[in-house]
Amino acid sequence: MPTEQLKYWFPLLTDNSPFLVAVLDPHHHYLIVNNRYSEISGMTPDALIGRNDIDTLGPAFYQAIRPYYERAFQGESLESEVVLNDNQHDTSMQFSLRPLSHQPDGRVAAVVMHCLDTSERQILAQSIQELEQHVQALNALIDDGSLIVVNNMVVSANPQAAMLLGFEFPQDIQNTELGKLLVDGNNQPLQFPQLASLGKGETLNCQTSRRCPVQRAVRLAARPISQLGSPAQLVLLQDNSRPASRQDKLDHLLFTNPLTGLFSRHGFSRRLDQLLHQETPLCLLYLDVDNFKNINDSLGHHIGDQVLQEIAGRLRRQLPEEAIIGHLSGDEFAILLPNPEHSRTGDQHDQPTVQPAPLSQAPRLLNRTDQCPR
C-alpha cells in the first residue's frame with residue numbers, strides 16, 4: 001500500500017480501537033501508530049514516529065518482543081503473548097505480527113503489529129485459580145461431605161463425601177449417577193429434581209445404596225448453583241446414622257441371617273407384608289440350591305457355609321439395587337423385586353402376569369426367573 005494511502009486509512013481504521021496498532025520499520029521504529037499509543041505514552045502520534053517500544057511500553061517489553069520482530073521481518077506471520085513479572089512490571093500483552101510491505105529485493109520493508117493488554121485477564125485467571133484453591137481448602141476443613149451434581153451426575157466431590165459413601169477417594173464417585181449412590185425414603189434412586197425441590201433450610205433423609213461399600217443413613221441439603229452455564233446443585237452430606245440401641249441390635253438379630261447378612265425368614269416376611277400393605281407391585285422368586293446336602297456331607301459344613309456366603313454375595317452383585325434378598329434357612333433363598341418395569345400384558349406370547357402373594361404361598365421348588373417381568 002502506498003504511504004499516502006496508508007496514512008489516510010490507518011487512523012480511520014484504528015484510532016477508535018482499544019488495541020495498540022503500529023507499523024514498524026526494519027529497525028523496529030514506528031512508522032505510524034494509532035491513538036492508543038498516545039494515551040499510554042502521553043505523546044502525540046507524530047511525536048512517536050521514529051521511536052520504538054522502549055519509549056511507550058518500556059525496555060522490558062521491547063526485549064521480550066524483539067525476537068518476534070526479527071522473525072516477522074524474515075517473513076513470518078505469528079501470534080504470541082508476553083508476560084512481564086519482574087519487580088517493575090506485572091502485565092501481559094497479546095500480539096500478532098504480519099509483514100506489510102516488501103522492498104524490491106524481496107526483504108520485508110514494514111511489519112504491522114496488533115497488540116492487546118491482557119493484564120486484567122491474567123489477574124482474573126489468577127483470582128479464579130486462588131478462589132478454587134480456597135474452595136478446595138474449605139472442602140478439606142469441613143466435616144460435611146460436599147458434592148456438585150449436574151444433570152443427576154456427580155461431577156465433583158470432597159474427601160468427606162467419598163468417606164461417607166464408603167469410598168476411598170473422591171475420584172471413585174466422580175462421573176457417577178447420583179441415584180447409584182443414594183436412595184430416598186422409598187428406597188428409590190435419588191434424582192436431581194428432588195434436590196431442586198429443597199428450599200432453604202430444608203433437608204432430605206436418604207440412605208446409601210447397595211452399590212456403596214457401607215450402608216449408612218445420611219441427611220443432605222442442596223442449593224442451586226451454575227456449573228459452566230448449566231444448572232447444578234451444591235449438595236452437603238451429613239452422617240445421619242445413630243448409635244445402635246439395644247432394640248436396634250435385637251431387631252438386627254431377629255431380621256437378619258447371621259451367616260450371610262441377608263434378611264432372615266422373619267425379616268423377609270415382614271418386608272413382604274409391608275410391600276403388600278402398600279400395594280406395591282412386585283415380583284417374588286424362591287430359590288434353593290440343588291444337591292446342597294452333598295456339599296455338606298462330602299466337604300463339611302464349613303465349606304457349605306462358604307458356598308452359601310458366596311451365593312449371597314453373587315445375589316447382591318447381580319440383582320438390581322432395589323431387590324430385597326432373604327436367606328430363609330439352609331439352602332433356601334427368596335427375592336423380592338418391587339415395582340417391576342412392566343407386567344407383560346397385552347401379548348398372547350407373553351407369560352402370565354405375576355401377582356403379589358404372601359410368602360407362605362410361594363412355590364417351594366421354584367428356581368425359575370422367567371415369570372418375572374423384565
# chains A, B, ... in the order shown; residues from 1 in each chain; ligands from 1
$ closest_atom_pairs --of "segment 10-39 of chain A" --to "segment 46-54 of chain A" --cutoff "7 Å" --atoms "only C-alpha atoms" --output "Markdown table"
| residue | atom | partner | partner_atom | distance |
| --- | --- | --- | --- | --- |
| A:His28 | CA | A:Asn52 | CA | 6.3 |
| A:His29 | CA | A:Asn52 | CA | 4.7 |
| A:Tyr30 | CA | A:Ile49 | CA | 5.2 |
| A:Leu31 | CA | A:Ile49 | CA | 5.5 |
| A:Ile32 | CA | A:Ile49 | CA | 6.1 |
$ residues_around --residues "Ile324 of chain A" --least-positions-apart "2" --cutoff "7 Å" --atoms "only C-alpha atoms" --output "list in words"
Glu322, Gly326, Ile335, Leu336 and Leu337 of chain A
$ closest_residue --among "A:Arg71, A:His327, A:Arg98, A:His266" --to "Ala312 of chain A" --atoms "only C-alpha atoms"
A:His327
$ select_by_dssp --residues "segment 190-304 of chain A" --states "strand (DSSP E or B)" --output "ChimeraX atom specification"
/A:204-208,217-227,230-239,256,263,282-288
$ residues_around --residues "segment 14-21 of chain A" --least-positions-apart "2" --cutoff "7 Å" --atoms "only C-alpha atoms" --output "list in words"
Phe10, Pro11, Leu12, Val33, Asn34, Asn35, Arg36, Tyr37, Met113, His114, Cys115 and Leu116 of chain A
$ closest_residue --among "A:Asn291, A:Thr208, A:Ser269, A:Thr118" --to "Leu237 of chain A" --atoms "only C-alpha atoms"
A:Thr208
$ residues_around --residues "Ser77 of chain A" --least-positions-apart "4" --cutoff "8 Å" --atoms "only C-alpha atoms" --output "list of chain:residue names"
A:Ala72, A:Ser96, A:Leu97, A:Arg98, A:Pro99
